[in-house]
Amino acid sequence: MSQSYNRGLIEDFGRWKEFSAGMWAWIFHKFTGWMLIGYLFTHIAVLSTAIGAASGDASMIQAETDVYTTTIQGLEELFIVRVLEVGLLAVAVFHILNGLRLLMVDLGIGLEAQDRSFYASLVLTGAITVASVPTFLSGVGF
Amino acid sequence: MAERYSSFAPGGTRWLLQRITAAFLVVVLAFHFFQLHFVTHAAEVTFMGTQARMQNVGYFLTMVLFLITAAFHGVNGVYNALINQGLEGTRKKVVLAVLVIAGGALIAQGVYVAVAMAGWI
Amino acid sequence: MSTQQQQEPESQEVPQDPDMKGAESPQQERLREKQEGMVDEHAEKEAEAAGETVHIKVFRYDPEVAAKQEPRFDDFHVPFEKGMTVLDAVMYARDEFDSSLTFRHSCRQAVCGSDAFFVNGKQRLGCKTQISDLEQPVRIEPLPHQEVVKDLVVDMDHFYDQMHAVEPYFQDEDTPDSSELEEQRQSPENREKIKMSSRCIWCGACMSSCNIAAGDNEYLGPAAINKAYKFAMDDRESEEIKEHRLRILEQEHGVWRCQTQFSCTEVCPKDIPLTEHIQELKREAVKKNLKFW
Amino acid sequence: MYEHDVIVVGAGGAGLRAAIAAHEAGADTAIVSKLHPVRSHTGAAEGGINAALQEGDDWELHAYDTMKGSDYLGDAPAVETLAKNAPEETMNLEHWGMPFSREEDGRVSQRPFGGLSYPRTTYAGAETGHHLLHTMYEQVVKRGIQVYDEWYVMNLVTTDEDDPKDRECHGVVGYDVQSGTIEGFKANNGVVLATGGPGQAFDHTTNAVSCTGDGHAMAYRAGAPLEDMEFIQFHPTSLPSTGVLISEGVRGEGGILYNSEGERFMFEYGYANNSGELASRDVVARAELTEVGEGRGIEDEYVHLDMRHLGEDRIMDRLENILHLAEDFEGVDGLVEPMPVKPGQHYAMGGIEVDENGQTCVNGLYAAGECACVSVHGGNRLGGNALPELIVFGKRAGQHAAGEDLGAPEIRTGYGDDVEDDDTELPVQPGSAGLDTASGVAADGGVTADAEGMLERAVERERERVDRLMDRDSGVQHSEIRAKLQQAMTDYVNVFRTEEGVKKALKIIRECREEYQNVYVDDPSRTFNTDLQQTYETRNLIDVAETIALGALVRDEFRGAHWRKEHQERKDDEWLKHTLISWNEGDPDIFFRPVILEGENKTYEPKERSY
Ligand SMILES: Cc1cc2nc3c(=O)[nH]c(=O)nc-3n(C[C@H](O)[C@H](O)[C@H](O)COP(=O)(O)OP(=O)(O)OC[C@H]3O[C@@H](n4cnc5c(N)ncnc54)[C@H](O)[C@@H]3O)c2cc1C
Ligand code: HEM
Ligand code: SF4
Ligand code: F3S
Ligand code: FES
């Protein structure tokens, strides 16, 4: 229906401002879900270097100069990768927390508090992310 | 009336599996993150360390299961999201096929990688 | 507005104007003095700030009238009265300023469900929304995600189709003949369980607020699912019928499409816990399927 | 042109029930309604359905209570039919799934109601009408009965023989509000009017905006007389700005009425020294208006209903919904301030004259529900008696229209040898005032009297009328006339009626008629033109309001809801008769028909109506 008639600018004007907690939760969950599956694909791609390493020279593995180790450590040296990792953590934590919230909703528990539980997931995600920054950024340029 | 909605796929199974995989993923993903960022820092990952972990059959199986559930969960999630946007007909079938193939490939490649990590090939 | 006064009813509008009255009683005199005094004391601007008039912006569109083919907003300044609802305001605007302003309304008491509008960014019943609770200017639009017929009137046919699609009626064929007047027994608890779901007035606010329903035209939508809930949970119908109902609901575009956005629950003027009902049906459907495994 | 066996106009409780009955009797049935069925005003009814269901109660008690409540102006055959059939019809609703409130043992609950000798009001929470309406609509959906919703019926198509009793109704002319199309609906067997009340004739009413008495006016102009129109029930506690009903429950729990001086006027001024706030509806309504009239009203308009002293706990427990109503519709918090209330028009006891089978004197024309007058309610309707009327007489009308034999009616309709003419002097000439007078479509003096041709001509006539209204671009707008009419009715034909006042009202109504000749529709669009629809409705309101005022003028006694200043007693010798007004081609005719007080087993002897 929404597609069949265009109310012009008026239809879309400022709609996002009018979203409620549940809708934001839905959007964030979607977004983080897509990020995670996207990451999973890249992750396996990167880890695939292990195949090369395993079929390569065992001494290189000993010396920690095999493709797998060098790739991973090379990536880890990049500041941007570390930052992205923090982002990934945030994404994953939110998805987990909100996922738990959704599981509760599915079980019919605490539906009246659905907006508060969403805010709680947001706050917790923030807190965990901030708390993990030292661990994640240790050893790169600091 | 109701006939319009009679497709053969009552969405219930996928819905339930999405929840079950989610519940499983909470545990494994938390473990995974903890293992590779806090116990072992990612920057200190080496093939040797990875291999050592992977050779533990329990860990190996967990990771493979982790991969399978995550792949299903992720791909199914994407598929749902697209259906929610009103994806219909052939396009829906194509998307489903692509997602199944991608998911399958992901799992195959992942398992292959894990086996390689464990040094079993 | 009293009956016994011998005055000609010259005024058809704002009945509050004491000047319009004929012979005045002491009370009326007092009142008039008070009111006149107020006008003297306050500058007009202040009066407006004090909420004397309400500024509403109303969506206008008419496919037939050249000037209205391009959707636009019209501004109306409506004199404020205590207790004024959004519906009162648009009715006033229609009766006093522009008789072509079009919207559905009937009962003025939140039972007919005709006047769900998009007011200041939220689906609300015009007659159940006090204008003093809203920020001004009050923006009044037709329900989003439904085709606009004209001004605030949207096409409800799709909504009705979805409502009908869940077979919203008792399936049992047996009705009593005049000799036996036995009712079907129902426990008060069971009646309590379906109570909220039975309050729906088909206003369509929930459906309009749901992003999923907006994206997927075939999605039954919260109101229809809630309607089905009312029947599925009613113990007066047999188990087989309940299963039949669940089979309708668990189709691909049935309950599974709900992503628990909760906006339906938030906008429902009858406070029906829609999301809760949908979730319960999902669990019921899963339980039913598990039985066959 | 659409064609069906039975056309039901209106989709409230009465219309839906009629349609289901006609369908079950095998007729091809369609409903034409200006509102989608679930929007009908039946949904607003709260209290319940009277039906003698329990052991210890029986239909004769129900009939007796109803007759007493009617102030002996109900017709016994109608009253008894209602009382006898209500239990079965109520059970029928239960079997269709209506969610009645329940007792511990699983049976439907019943509660006491004003004027009933037994607690026989069956209810579904505080929203009985809502459930009744929705349950019946569900059954209509189930049966696949065709519904033309948002089709406004503009007129009836009847032949134009001199005597209405010889006329035949062939269908209706409908206007598709959404598209502006005007089409004929041919009814092979009959047309059932179920268009609800005429509350919009007053400016303050608990009725919906759609309650404009269209059916009344159409049937009236087609030749069926309107009966007992002067009997209008006013409810003492409605919210001033919207007319939303504040139930009697508040007073029942101990709510108190105060005037602007803070006096508990029901006692202070001796309106009801014994029962105070709990005196009957008409007494309280008159007391409130007297207070306002004497300058002790608040904002010169209303009085206060205070329940704060009941305490938050008790209010939350028993009157929670009242708090919501006051808050949502009046912006008043009943816990911290008193609620403003004033009397509002609530129900019309009178209506289109029909017999027990729902048939008017015009062949093939039926009426049921609030628009009809069988007459069950006589001078005053008991709470909880309107909903059973819808289902009992709705069903009968549907069945009869579909051709079922329900036996010969005992109630007679139309002008006949059993009526008595009226000779009251009227202050102005009522009736057409130059507006189209003709009631039916010419039967062409027998040349081509086929129904289809007549329908086509009727459609053409409405098209022309619409063109005329739309083409004009200056004059008066209907809203102005309507407001004037409503104001006049509220000022002079309200709870208080004086001869002088009613005459004044008739003059104003006449003025409205004259102004209506210059009415124009400003909105040029054919799409959803509510301006046009309301202009039509306003015409109907004028006709209906006039009959109310005429009835109020000629009936010089105080009976039921009809109060006359100059005549403070019930005159049983003179007035045990119904007021009937027939359109008579624009020159209304007033006559009377005696009430039937002989019931099946007994005769109802008029007694003092005291509770
Ligand atoms: C607030 C309130 C509370 C009440 N509580 C009770 C109670 O507790 N118990 C009780 O017994 N009674 C109660 N009543 C009275 C009772 O509800 C009504 O008398 C009854 O519902 C009228 O039903 P109806 O089917 O005749 O008309 P309605 O329900 O008013 O339906 C009229 C139908 O006619 C259609 N219509 C009208 N004009 C046209 C036209 N020109 N063309 C096409 N369609 C048209 C409308 O669309 C509508 O569908 C109450 C009334 C009110 C207002
Ligand atoms: C760790 C615990 C996780 C939990 C508790 C969880 C929970 C959930 C839940 C409940 C949903 C369904 C939302 C709905 O249908 O309403 C969902 C969707 C989704 N999840 Fe997860 N998930 C987790 C991990 C993951 C991982 C690891 C991935 C990536 C591989 C992932 C990707 C997705 C995607 C893509 C969606 C679909 C989002 C959308 O609606 O567009 N999730 N998740
Ligand atoms: S569920 Fe609520 S919002 Fe939805 S149609 Fe019914 S009353 Fe309106
Ligand atoms: S808004 Fe829509 S997604 Fe579900 S909870 Fe309500 S139906
Ligand atoms: S006018 Fe009936 S719900 Fe608002």
# chains A, B, ... in the order shown; residues from 1 in each chain; ligands from 1
$ residues_near_ligand --ligand "ligand 3" --cutoff "7 Å" --atoms "only C-alpha atoms and all ligand atoms" --output "VMD selection string"
chain C and resid 113 199 to 207 222 to 223 226 264 267 to 272 274
$ write_last_selection --atoms "N, CA, C and O atoms" --output "PDB file, in the first residue's frame"
ATOM      1  N   GLY C 113     -14.358   3.880  15.684  1.00  0.00           N
ATOM      2  CA  GLY C 113     -13.073   3.641  15.025  1.00  0.00           C
ATOM      3  C   GLY C 113     -12.911   4.314  13.672  1.00  0.00           C
ATOM      4  O   GLY C 113     -12.073   3.915  12.876  1.00  0.00           O
ATOM      5  N   ARG C 199     -11.936  -5.953  22.310  1.00  0.00           N
ATOM      6  CA  ARG C 199     -12.281  -4.529  22.324  1.00  0.00           C
ATOM      7  C   ARG C 199     -11.977  -3.787  21.031  1.00  0.00           C
ATOM      8  O   ARG C 199     -12.263  -2.604  20.911  1.00  0.00           O
ATOM      9  N   CYS C 200     -11.366  -4.465  20.090  1.00  0.00           N
ATOM     10  CA  CYS C 200     -10.909  -3.778  18.881  1.00  0.00           C
ATOM     11  C   CYS C 200     -12.053  -3.084  18.153  1.00  0.00           C
ATOM     12  O   CYS C 200     -13.116  -3.646  17.964  1.00  0.00           O
ATOM     13  N   ILE C 201     -11.808  -1.851  17.745  1.00  0.00           N
ATOM     14  CA  ILE C 201     -12.833  -1.097  17.026  1.00  0.00           C
ATOM     15  C   ILE C 201     -12.470  -0.891  15.562  1.00  0.00           C
ATOM     16  O   ILE C 201     -13.007  -0.014  14.899  1.00  0.00           O
ATOM     17  N   TRP C 202     -11.537  -1.666  15.067  1.00  0.00           N
ATOM     18  CA  TRP C 202     -11.185  -1.644  13.642  1.00  0.00           C
ATOM     19  C   TRP C 202     -10.739  -0.262  13.157  1.00  0.00           C
ATOM     20  O   TRP C 202     -11.110   0.161  12.064  1.00  0.00           O
ATOM     21  N   CYS C 203      -9.982   0.420  13.972  1.00  0.00           N
ATOM     22  CA  CYS C 203      -9.607   1.769  13.554  1.00  0.00           C
ATOM     23  C   CYS C 203      -8.425   1.764  12.593  1.00  0.00           C
ATOM     24  O   CYS C 203      -8.201   2.713  11.864  1.00  0.00           O
ATOM     25  N   GLY C 204      -7.651   0.687  12.628  1.00  0.00           N
ATOM     26  CA  GLY C 204      -6.532   0.583  11.696  1.00  0.00           C
ATOM     27  C   GLY C 204      -5.269   1.299  12.135  1.00  0.00           C
ATOM     28  O   GLY C 204      -4.271   1.307  11.398  1.00  0.00           O
ATOM     29  N   ALA C 205      -5.272   1.898  13.308  1.00  0.00           N
ATOM     30  CA  ALA C 205      -4.087   2.634  13.770  1.00  0.00           C
ATOM     31  C   ALA C 205      -2.887   1.705  13.870  1.00  0.00           C
ATOM     32  O   ALA C 205      -1.777   2.042  13.444  1.00  0.00           O
ATOM     33  N   CYS C 206      -3.126   0.515  14.424  1.00  0.00           N
ATOM     34  CA  CYS C 206      -2.018  -0.414  14.636  1.00  0.00           C
ATOM     35  C   CYS C 206      -1.379  -0.803  13.322  1.00  0.00           C
ATOM     36  O   CYS C 206      -0.162  -0.745  13.154  1.00  0.00           O
ATOM     37  N   MET C 207      -2.206  -1.180  12.387  1.00  0.00           N
ATOM     38  CA  MET C 207      -1.712  -1.621  11.080  1.00  0.00           C
ATOM     39  C   MET C 207      -0.884  -0.514  10.439  1.00  0.00           C
ATOM     40  O   MET C 207       0.149  -0.755   9.837  1.00  0.00           O
ATOM     41  N   PRO C 222      -1.444  -6.634  12.863  1.00  0.00           N
ATOM     42  CA  PRO C 222      -1.776  -6.841  14.267  1.00  0.00           C
ATOM     43  C   PRO C 222      -3.276  -6.945  14.551  1.00  0.00           C
ATOM     44  O   PRO C 222      -3.691  -7.781  15.350  1.00  0.00           O
ATOM     45  N   ALA C 223      -4.092  -6.128  13.911  1.00  0.00           N
ATOM     46  CA  ALA C 223      -5.515  -6.140  14.254  1.00  0.00           C
ATOM     47  C   ALA C 223      -6.145  -7.474  13.870  1.00  0.00           C
ATOM     48  O   ALA C 223      -6.902  -8.066  14.643  1.00  0.00           O
ATOM     49  N   ASN C 226      -5.000 -10.169  16.147  1.00  0.00           N
ATOM     50  CA  ASN C 226      -5.665 -10.033  17.435  1.00  0.00           C
ATOM     51  C   ASN C 226      -7.104 -10.539  17.357  1.00  0.00           C
ATOM     52  O   ASN C 226      -7.615 -11.162  18.287  1.00  0.00           O
ATOM     53  N   CYS C 264       2.390  -1.098  17.322  1.00  0.00           N
ATOM     54  CA  CYS C 264       0.950  -1.354  17.301  1.00  0.00           C
ATOM     55  C   CYS C 264       0.378  -1.237  18.707  1.00  0.00           C
ATOM     56  O   CYS C 264      -0.637  -0.577  18.926  1.00  0.00           O
ATOM     57  N   VAL C 267       0.137   2.406  19.905  1.00  0.00           N
ATOM     58  CA  VAL C 267      -0.866   3.324  19.368  1.00  0.00           C
ATOM     59  C   VAL C 267      -2.301   2.866  19.595  1.00  0.00           C
ATOM     60  O   VAL C 267      -3.222   3.666  19.449  1.00  0.00           O
ATOM     61  N   CYS C 268      -2.510   1.623  19.948  1.00  0.00           N
ATOM     62  CA  CYS C 268      -3.888   1.125  20.013  1.00  0.00           C
ATOM     63  C   CYS C 268      -4.725   1.937  21.007  1.00  0.00           C
ATOM     64  O   CYS C 268      -4.424   1.985  22.190  1.00  0.00           O
ATOM     65  N   PRO C 269      -5.767   2.589  20.531  1.00  0.00           N
ATOM     66  CA  PRO C 269      -6.566   3.435  21.422  1.00  0.00           C
ATOM     67  C   PRO C 269      -7.347   2.630  22.447  1.00  0.00           C
ATOM     68  O   PRO C 269      -7.858   3.189  23.406  1.00  0.00           O
ATOM     69  N   LYS C 270      -7.460   1.335  22.220  1.00  0.00           N
ATOM     70  CA  LYS C 270      -8.207   0.507  23.163  1.00  0.00           C
ATOM     71  C   LYS C 270      -7.259  -0.247  24.091  1.00  0.00           C
ATOM     72  O   LYS C 270      -7.682  -1.169  24.790  1.00  0.00           O
ATOM     73  N   ASP C 271      -5.988   0.119  24.062  1.00  0.00           N
ATOM     74  CA  ASP C 271      -4.985  -0.484  24.948  1.00  0.00           C
ATOM     75  C   ASP C 271      -4.946  -2.003  24.865  1.00  0.00           C
ATOM     76  O   ASP C 271      -4.769  -2.683  25.880  1.00  0.00           O
ATOM     77  N   ILE C 272      -5.113  -2.531  23.699  1.00  0.00           N
ATOM     78  CA  ILE C 272      -5.041  -3.980  23.541  1.00  0.00           C
ATOM     79  C   ILE C 272      -3.563  -4.382  23.477  1.00  0.00           C
ATOM     80  O   ILE C 272      -2.797  -3.784  22.719  1.00  0.00           O
ATOM     81  N   LEU C 274      -1.405  -5.945  21.863  1.00  0.00           N
ATOM     82  CA  LEU C 274      -1.334  -6.664  20.588  1.00  0.00           C
ATOM     83  C   LEU C 274      -0.100  -7.535  20.475  1.00  0.00           C
ATOM     84  O   LEU C 274      -0.181  -8.707  20.103  1.00  0.00           O
TER      85      LEU C 274
END
$ residues_near_ligand --ligand "ligand 1" --cutoff "7 Å" --atoms "only C-alpha atoms and all ligand atoms" --output "number ranges by chain"
D: 9-15, 32-37, 39-49, 128-129, 151-154, 194-197, 206-207, 210-215, 244-245, 346-347, 368-371, 383-388, 390
$ residues_near_ligand --ligand "ligand 5" --cutoff "9 Å" --atoms "only C-alpha atoms and all ligand atoms" --output "list in words"
Leu87, Arg104, His105, Ser106, Cys107, Arg108, Gln109, Ala110, Val111, Cys112, Gly113, Ser114, Asp115, Ala116, Leu125, Gly126, Cys127, Lys128, Ile201 and Cys203 of chain C; Arg39, His41, Ala208 and Val209 of chain D
$ write_last_selection --atoms "N, CA and C atoms" --output "PDB file, in the first residue's frame"
ATOM      1  N   LEU C  87     -10.610  15.922  17.062  1.00  0.00           N
ATOM      2  CA  LEU C  87     -11.779  15.831  16.177  1.00  0.00           C
ATOM      3  C   LEU C  87     -12.620  17.100  16.250  1.00  0.00           C
ATOM      4  N   ARG C 104     -13.362  11.041   8.134  1.00  0.00           N
ATOM      5  CA  ARG C 104     -14.419  10.171   8.644  1.00  0.00           C
ATOM      6  C   ARG C 104     -14.571  10.420  10.134  1.00  0.00           C
ATOM      7  N   HIS C 105     -15.781  10.358  10.616  1.00  0.00           N
ATOM      8  CA  HIS C 105     -16.011  10.445  12.043  1.00  0.00           C
ATOM      9  C   HIS C 105     -17.453  10.066  12.262  1.00  0.00           C
ATOM     10  N   SER C 106     -17.745   9.593  13.433  1.00  0.00           N
ATOM     11  CA  SER C 106     -19.151   9.356  13.707  1.00  0.00           C
ATOM     12  C   SER C 106     -19.473   9.462  15.186  1.00  0.00           C
ATOM     13  N   CYS C 107     -18.969   8.530  15.999  1.00  0.00           N
ATOM     14  CA  CYS C 107     -19.490   8.418  17.358  1.00  0.00           C
ATOM     15  C   CYS C 107     -19.002   9.515  18.301  1.00  0.00           C
ATOM     16  N   ARG C 108     -17.842  10.050  18.085  1.00  0.00           N
ATOM     17  CA  ARG C 108     -17.178  11.033  18.961  1.00  0.00           C
ATOM     18  C   ARG C 108     -16.883  10.448  20.335  1.00  0.00           C
ATOM     19  N   GLN C 109     -16.891   9.149  20.464  1.00  0.00           N
ATOM     20  CA  GLN C 109     -16.586   8.594  21.781  1.00  0.00           C
ATOM     21  C   GLN C 109     -15.770   7.311  21.710  1.00  0.00           C
ATOM     22  N   ALA C 110     -14.915   7.228  20.723  1.00  0.00           N
ATOM     23  CA  ALA C 110     -13.950   6.138  20.636  1.00  0.00           C
ATOM     24  C   ALA C 110     -14.581   4.754  20.577  1.00  0.00           C
ATOM     25  N   VAL C 111     -15.723   4.629  19.916  1.00  0.00           N
ATOM     26  CA  VAL C 111     -16.263   3.290  19.727  1.00  0.00           C
ATOM     27  C   VAL C 111     -16.443   2.915  18.255  1.00  0.00           C
ATOM     28  N   CYS C 112     -16.454   3.900  17.368  1.00  0.00           N
ATOM     29  CA  CYS C 112     -16.732   3.527  15.983  1.00  0.00           C
ATOM     30  C   CYS C 112     -15.451   3.318  15.193  1.00  0.00           C
ATOM     31  N   GLY C 113     -14.358   3.880  15.684  1.00  0.00           N
ATOM     32  CA  GLY C 113     -13.073   3.641  15.025  1.00  0.00           C
ATOM     33  C   GLY C 113     -12.911   4.314  13.672  1.00  0.00           C
ATOM     34  N   SER C 114     -13.702   5.349  13.381  1.00  0.00           N
ATOM     35  CA  SER C 114     -13.569   5.983  12.060  1.00  0.00           C
ATOM     36  C   SER C 114     -12.440   6.979  11.974  1.00  0.00           C
ATOM     37  N   ASP C 115     -12.073   7.571  13.097  1.00  0.00           N
ATOM     38  CA  ASP C 115     -11.232   8.761  12.976  1.00  0.00           C
ATOM     39  C   ASP C 115      -9.811   8.585  13.484  1.00  0.00           C
ATOM     40  N   ALA C 116      -9.176   7.492  13.083  1.00  0.00           N
ATOM     41  CA  ALA C 116      -7.749   7.363  13.386  1.00  0.00           C
ATOM     42  C   ALA C 116      -6.987   8.250  12.401  1.00  0.00           C
ATOM     43  N   LEU C 125      -6.687   8.377  17.761  1.00  0.00           N
ATOM     44  CA  LEU C 125      -8.084   8.641  17.449  1.00  0.00           C
ATOM     45  C   LEU C 125      -8.333  10.120  17.689  1.00  0.00           C
ATOM     46  N   GLY C 126      -8.865  10.785  16.693  1.00  0.00           N
ATOM     47  CA  GLY C 126      -9.095  12.215  16.835  1.00  0.00           C
ATOM     48  C   GLY C 126      -9.985  12.544  18.016  1.00  0.00           C
ATOM     49  N   CYS C 127     -11.034  11.743  18.201  1.00  0.00           N
ATOM     50  CA  CYS C 127     -12.002  12.086  19.234  1.00  0.00           C
ATOM     51  C   CYS C 127     -11.491  11.775  20.628  1.00  0.00           C
ATOM     52  N   LYS C 128     -10.421  11.005  20.713  1.00  0.00           N
ATOM     53  CA  LYS C 128      -9.955  10.592  22.028  1.00  0.00           C
ATOM     54  C   LYS C 128      -8.671  11.336  22.416  1.00  0.00           C
ATOM     55  N   ILE C 201     -11.808  -1.851  17.745  1.00  0.00           N
ATOM     56  CA  ILE C 201     -12.833  -1.097  17.026  1.00  0.00           C
ATOM     57  C   ILE C 201     -12.470  -0.891  15.562  1.00  0.00           C
ATOM     58  N   CYS C 203      -9.982   0.420  13.972  1.00  0.00           N
ATOM     59  CA  CYS C 203      -9.607   1.769  13.554  1.00  0.00           C
ATOM     60  C   CYS C 203      -8.425   1.764  12.593  1.00  0.00           C
TER      61      CYS C 203
ATOM     62  N   ARG D  39     -18.955   0.594  12.285  1.00  0.00           N
ATOM     63  CA  ARG D  39     -18.928   1.988  12.740  1.00  0.00           C
ATOM     64  C   ARG D  39     -20.303   2.441  13.230  1.00  0.00           C
ATOM     65  N   HIS D  41     -23.764   3.125  15.298  1.00  0.00           N
ATOM     66  CA  HIS D  41     -23.816   3.630  16.660  1.00  0.00           C
ATOM     67  C   HIS D  41     -24.281   2.603  17.685  1.00  0.00           C
ATOM     68  N   ALA D 208     -24.393   9.535  17.647  1.00  0.00           N
ATOM     69  CA  ALA D 208     -23.297   9.804  16.736  1.00  0.00           C
ATOM     70  C   ALA D 208     -23.667  10.888  15.731  1.00  0.00           C
ATOM     71  N   VAL D 209     -22.631  11.407  15.091  1.00  0.00           N
ATOM     72  CA  VAL D 209     -22.823  12.400  14.049  1.00  0.00           C
ATOM     73  C   VAL D 209     -23.656  11.823  12.901  1.00  0.00           C
TER      74      VAL D 209
END
$ residues_near_ligand --ligand "ligand 2" --cutoff "6 Å" --atoms "only C-alpha atoms and all ligand atoms" --output "list in words"
His29, Lys30, Gly33, Trp34, Leu36, Ile37, Leu40, His95, Ile96, Gly99, Leu100, Leu102 and Leu103 of chain A; Arg19, Ala22, Ala23, Leu25, Val26, Leu29, Ala70, Ala71, His73, Gly74, Gly77, Val78 and Ala81 of chain B; Gln259 of chain C
$ closest_atom_pairs --of "chain A" --to "ligand 4" --cutoff "9 Å" --atoms "only C-alpha atoms and all ligand atoms" --output "JSON lines"
{"residue": "A:Gly22", "atom": "CA", "partner": "ligand 4", "partner_atom_place_in_ligand_line": "5 (S)", "distance": 8.2}
{"residue": "A:Met23", "atom": "CA", "partner": "ligand 4", "partner_atom_place_in_ligand_line": "1 (S)", "distance": 7.9}
{"residue": "A:Trp26", "atom": "CA", "partner": "ligand 4", "partner_atom_place_in_ligand_line": "3 (S)", "distance": 8.7}
$ write_last_selection --atoms "N, CA and C atoms" --output "PDB file, in the first residue's frame"
ATOM      1  N   GLY A  22      10.526   0.397  20.328  1.00  0.00           N
ATOM      2  CA  GLY A  22      10.481  -0.914  19.707  1.00  0.00           C
ATOM      3  C   GLY A  22      10.968  -0.887  18.268  1.00  0.00           C
ATOM      4  N   MET A  23      10.669   0.200  17.585  1.00  0.00           N
ATOM      5  CA  MET A  23      11.101   0.292  16.190  1.00  0.00           C
ATOM      6  C   MET A  23      12.595   0.517  16.090  1.00  0.00           C
ATOM      7  N   TRP A  26      14.271  -2.661  16.658  1.00  0.00           N
ATOM      8  CA  TRP A  26      14.171  -3.514  15.477  1.00  0.00           C
ATOM      9  C   TRP A  26      15.215  -3.122  14.440  1.00  0.00           C
TER      10      TRP A  26
END
$ residues_around --residues "D:Asp543" --least-positions-apart "2" --cutoff "12 Å" --atoms "only C-alpha atoms" --output "JSON, numbers by chain"
{"D": [198, 201, 212, 213, 214, 215, 216, 217, 218, 219, 220, 221, 226, 229, 430, 431, 432, 433, 435, 437, 482, 485, 506, 509, 510, 512, 513, 516, 536, 537, 538, 539, 540, 541, 545, 546, 547, 548, 549, 550, 581, 582, 583, 586, 587, 588]}
$ residues_around --residues "D:Val283" --least-positions-apart "2" --cutoff "10 Å" --atoms "only C-alpha atoms" --output "PyMOL selection string"
chain D and resi 236+266+271-272+276-281+285-288+495+561
$ select_by_dssp --residues "stretch 355-533 of chain D" --states "strand (DSSP E)" --output "list in words"
Leu365, Tyr366, Ala367, Ala372, Cys373, Glu420 and Asp421 of chain D
$ residues_around --residues "D:Lys68" --least-positions-apart "5" --cutoff "12 Å" --atoms "only C-alpha atoms" --output "ChimeraX atom specification"
/D:61-63,73-76,79,115-117,376-382,559-560,597,604-611
$ residues_around --residues "stretch 247-250 of chain D" --least-positions-apart "5" --cutoff "12 Å" --atoms "only C-alpha atoms" --output "number ranges by chain"
D: 45-47, 112-114, 126-127, 206, 235-239, 255-257, 277-281, 284, 305-310, 314-316, 318-323, 325-326, 334, 338-339, 341, 383
$ residues_around --residues "stretch 50-56 of chain B" --least-positions-apart "4" --cutoff "6 Å" --atoms "only C-alpha atoms" --output "PDB file with N, CA, C and O atoms, in the first residue's frame"
ATOM      1  N   PHE B  60      36.952 -28.238  18.756  1.00  0.00           N
ATOM      2  CA  PHE B  60      36.724 -28.340  17.324  1.00  0.00           C
ATOM      3  C   PHE B  60      35.222 -28.473  17.034  1.00  0.00           C
ATOM      4  O   PHE B  60      34.652 -27.735  16.236  1.00  0.00           O
ATOM      5  N   MET B 117      43.225 -26.142  10.325  1.00  0.00           N
ATOM      6  CA  MET B 117      43.815 -25.588  11.547  1.00  0.00           C
ATOM      7  C   MET B 117      44.260 -26.702  12.483  1.00  0.00           C
ATOM      8  O   MET B 117      45.334 -26.651  13.083  1.00  0.00           O
ATOM      9  N   ALA B 118      43.376 -27.699  12.569  1.00  0.00           N
ATOM     10  CA  ALA B 118      43.708 -28.788  13.471  1.00  0.00           C
ATOM     11  C   ALA B 118      44.868 -29.611  12.920  1.00  0.00           C
ATOM     12  O   ALA B 118      45.440 -30.451  13.619  1.00  0.00           O
TER      13      ALA B 118
END
$ select_by_dssp --residues "stretch 5-82 of chain A" --states "alpha helix (DSSP H)" --output "PyMOL selection string"
chain A and resi 9-12+21-47+49-55+58-62+67-77+79-82
$ closest_residue --among "A:Leu97, A:Ala25, A:Arg82, A:Leu47" --to "B:Leu106" --atoms "only C-alpha atoms"
A:Leu47
$ interface_residues --of "chain D" --to "chain B" --cutoff "12 Å" --atoms "only C-alpha atoms" --output "ChimeraX atom specification"
/D:141-142,144
$ atom_distance --atom1 "atom CA of A:Ser117" --atom2 "atom CA of C:Ile194"
27.0 Å
$ interface_residues --of "chain B" --to "chain A" --cutoff "6 Å" --atoms "only C-alpha atoms" --output "ChimeraX atom specification"
/B:43,46-47,74,110,113,116-117
$ atom_distance --atom1 "atom CA of D:Glu404" --atom2 "atom CA of D:Val6"
12.3 Å
